[in-house]
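Asker: Here it is, the structure, as structure tokens.
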Amino acid sequence: MLGEYYGTPIPEPPPRHDVVLEIDVQGARQVLARSDATVFCVLLVPPSAEEQELRLRGRGDGEDHIRRRLELGQREIEAGRAFADAVVINDDIDRAVTELAAIVERARAREARVGAPVERAASSDETRDQDR
């Protein structure tokens with residue numbers, strides 16, 4: 001991504017244990033393609049491109065990196081929405097964490113009810129607090 005190379009591990013957790021990977025869209029695609037485990041993808045997005053730019057500037061990124069990251073960010077959001085099971089808008093850390101925890105709990109409950117892996121959901125634009 002942006003000239004950097006990253007590896008995406010494919011962990012093998014014990015049964016009934018969750019693993020959280022903080023990875024980009026490309027890494028998520030690799031995990032989905034290579035993992036035999038149940039995979040539930042949550043796409044974490046900034047509230048807007050303007051806010052993303054402010055955050056990048058706030059951490060001291062250079063102009064060229066900011067420009068490239070904003071361009072890539074929009075493409076990643078579009079690509080991620082095509083396969084993500086849920087989308088969380090990272091506008092407030094406490095709210096986003098609470099929403100993410102609720103999404104995980106609903107996915108666990110759904111899997112426990114049917115006794116099978118969570119089915120991949122169809123792609124559609126729904127409100128931010130609904131599963132896809």
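Here, A, B, ... name the chains of the structure tokens in the order displayed, residue numbers run from 1 inside each chain, and ligands are numbered from 1 in the same displayed order.
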Segment 43-45 of chain A: which residues within 10 Å, counting only C-alpha atoms, same-chain residues fewer than 6 positions away excluded, as number ranges by chain?
Answerer: A: 22-25, 28, 52, 73-74, 76-77, 80-81, 83-91, 96, 100
Asker: Create the file for the chosen residues now, containing N, CA and C atoms and written as an mmCIF file, in the first residue's frame.
Answerer:
```
data_model
loop_
_atom_site.group_PDB
_atom_site.id
_atom_site.type_symbol
_atom_site.label_atom_id
_atom_site.label_comp_id
_atom_site.auth_asym_id
_atom_site.auth_seq_id
_atom_site.Cartn_x
_atom_site.Cartn_y
_atom_site.Cartn_z
ATOM 1 N N GLU A 22 -6.282 -5.950 12.343
ATOM 2 C CA GLU A 22 -6.386 -4.564 11.878
ATOM 3 C C GLU A 22 -5.599 -4.489 10.575
ATOM 4 N N ILE A 23 -6.330 -4.628 9.464
ATOM 5 C CA ILE A 23 -5.690 -4.735 8.159
ATOM 6 C C ILE A 23 -6.417 -3.866 7.142
ATOM 7 N N ASP A 24 -5.738 -3.594 6.038
ATOM 8 C CA ASP A 24 -6.360 -2.804 4.978
ATOM 9 C C ASP A 24 -7.242 -3.712 4.113
ATOM 10 N N VAL A 25 -7.870 -3.115 3.108
ATOM 11 C CA VAL A 25 -8.801 -3.845 2.253
ATOM 12 C C VAL A 25 -8.088 -4.976 1.517
ATOM 13 N N ALA A 28 -7.641 -7.806 3.879
ATOM 14 C CA ALA A 28 -8.921 -8.467 4.141
ATOM 15 C C ALA A 28 -9.278 -9.413 3.002
ATOM 16 N N GLN A 52 -10.701 12.783 7.495
ATOM 17 C CA GLN A 52 -9.532 11.936 7.279
ATOM 18 C C GLN A 52 -8.297 12.804 7.006
ATOM 19 N N GLY A 73 -7.868 6.039 -0.025
ATOM 20 C CA GLY A 73 -8.919 5.856 0.960
ATOM 21 C C GLY A 73 -10.299 5.750 0.335
ATOM 22 N N GLN A 74 -10.579 6.605 -0.621
ATOM 23 C CA GLN A 74 -11.888 6.563 -1.280
ATOM 24 C C GLN A 74 -12.080 5.252 -2.031
ATOM 25 N N GLU A 76 -10.566 2.407 -1.347
ATOM 26 C CA GLU A 76 -10.670 1.333 -0.361
ATOM 27 C C GLU A 76 -12.067 1.265 0.253
ATOM 28 N N ILE A 77 -12.642 2.414 0.538
ATOM 29 C CA ILE A 77 -14.000 2.429 1.104
ATOM 30 C C ILE A 77 -14.982 1.805 0.120
ATOM 31 N N GLY A 80 -14.173 -1.955 -0.035
ATOM 32 C CA GLY A 80 -14.517 -2.615 1.222
ATOM 33 C C GLY A 80 -16.008 -2.775 1.418
ATOM 34 N N ARG A 81 -16.778 -1.799 0.987
ATOM 35 C CA ARG A 81 -18.237 -1.896 1.121
ATOM 36 C C ARG A 81 -18.798 -3.052 0.305
ATOM 37 N N PHE A 83 -17.604 -6.058 0.120
ATOM 38 C CA PHE A 83 -17.515 -7.354 0.785
ATOM 39 C C PHE A 83 -17.637 -7.301 2.308
ATOM 40 N N ALA A 84 -17.643 -6.129 2.886
ATOM 41 C CA ALA A 84 -17.746 -6.035 4.349
ATOM 42 C C ALA A 84 -19.112 -6.491 4.824
ATOM 43 N N ASP A 85 -19.102 -7.150 5.968
ATOM 44 C CA ASP A 85 -20.357 -7.580 6.574
ATOM 45 C C ASP A 85 -21.019 -6.448 7.357
ATOM 46 N N ALA A 86 -20.220 -5.482 7.783
ATOM 47 C CA ALA A 86 -20.730 -4.335 8.520
ATOM 48 C C ALA A 86 -19.777 -3.165 8.306
ATOM 49 N N VAL A 87 -20.296 -1.967 8.459
ATOM 50 C CA VAL A 87 -19.499 -0.749 8.328
ATOM 51 C C VAL A 87 -19.688 0.072 9.596
ATOM 52 N N VAL A 88 -18.564 0.530 10.158
ATOM 53 C CA VAL A 88 -18.603 1.380 11.349
ATOM 54 C C VAL A 88 -17.944 2.700 10.996
ATOM 55 N N ILE A 89 -18.630 3.787 11.248
ATOM 56 C CA ILE A 89 -18.067 5.118 11.009
ATOM 57 C C ILE A 89 -17.319 5.545 12.265
ATOM 58 N N ASN A 90 -16.052 5.820 12.104
ATOM 59 C CA ASN A 90 -15.173 6.171 13.220
ATOM 60 C C ASN A 90 -15.214 7.679 13.487
ATOM 61 N N ASP A 91 -16.371 8.143 13.939
ATOM 62 C CA ASP A 91 -16.532 9.572 14.223
ATOM 63 C C ASP A 91 -16.324 9.893 15.701
ATOM 64 N N ALA A 96 -17.928 4.220 18.365
ATOM 65 C CA ALA A 96 -17.451 3.235 17.394
ATOM 66 C C ALA A 96 -17.101 1.914 18.075
ATOM 67 N N LEU A 100 -18.942 -1.574 17.376
ATOM 68 C CA LEU A 100 -18.167 -2.741 16.959
ATOM 69 C C LEU A 100 -18.430 -3.924 17.894
#
```
Asker: Run DSSP on the backbone and tell me which residues of segment 11-117 of chain A come out as strand (DSSP E or B); list them as a PDB file with C-alpha atoms, in the first residue's frame.
Answerer:
```
ATOM      1  CA  VAL A  42     -16.056  -4.932   9.575  1.00  0.00           C
ATOM      2  CA  LEU A  43     -15.013  -1.901   7.558  1.00  0.00           C
ATOM      3  CA  LEU A  44     -13.978   1.042   9.728  1.00  0.00           C
ATOM      4  CA  VAL A  45     -14.318   4.332   7.841  1.00  0.00           C
ATOM      5  CA  ALA A  86     -20.730  -4.335   8.520  1.00  0.00           C
ATOM      6  CA  VAL A  87     -19.499  -0.749   8.328  1.00  0.00           C
ATOM      7  CA  VAL A  88     -18.603   1.380  11.349  1.00  0.00           C
ATOM      8  CA  ILE A  89     -18.067   5.118  11.009  1.00  0.00           C
TER       9      ILE A  89
END
```
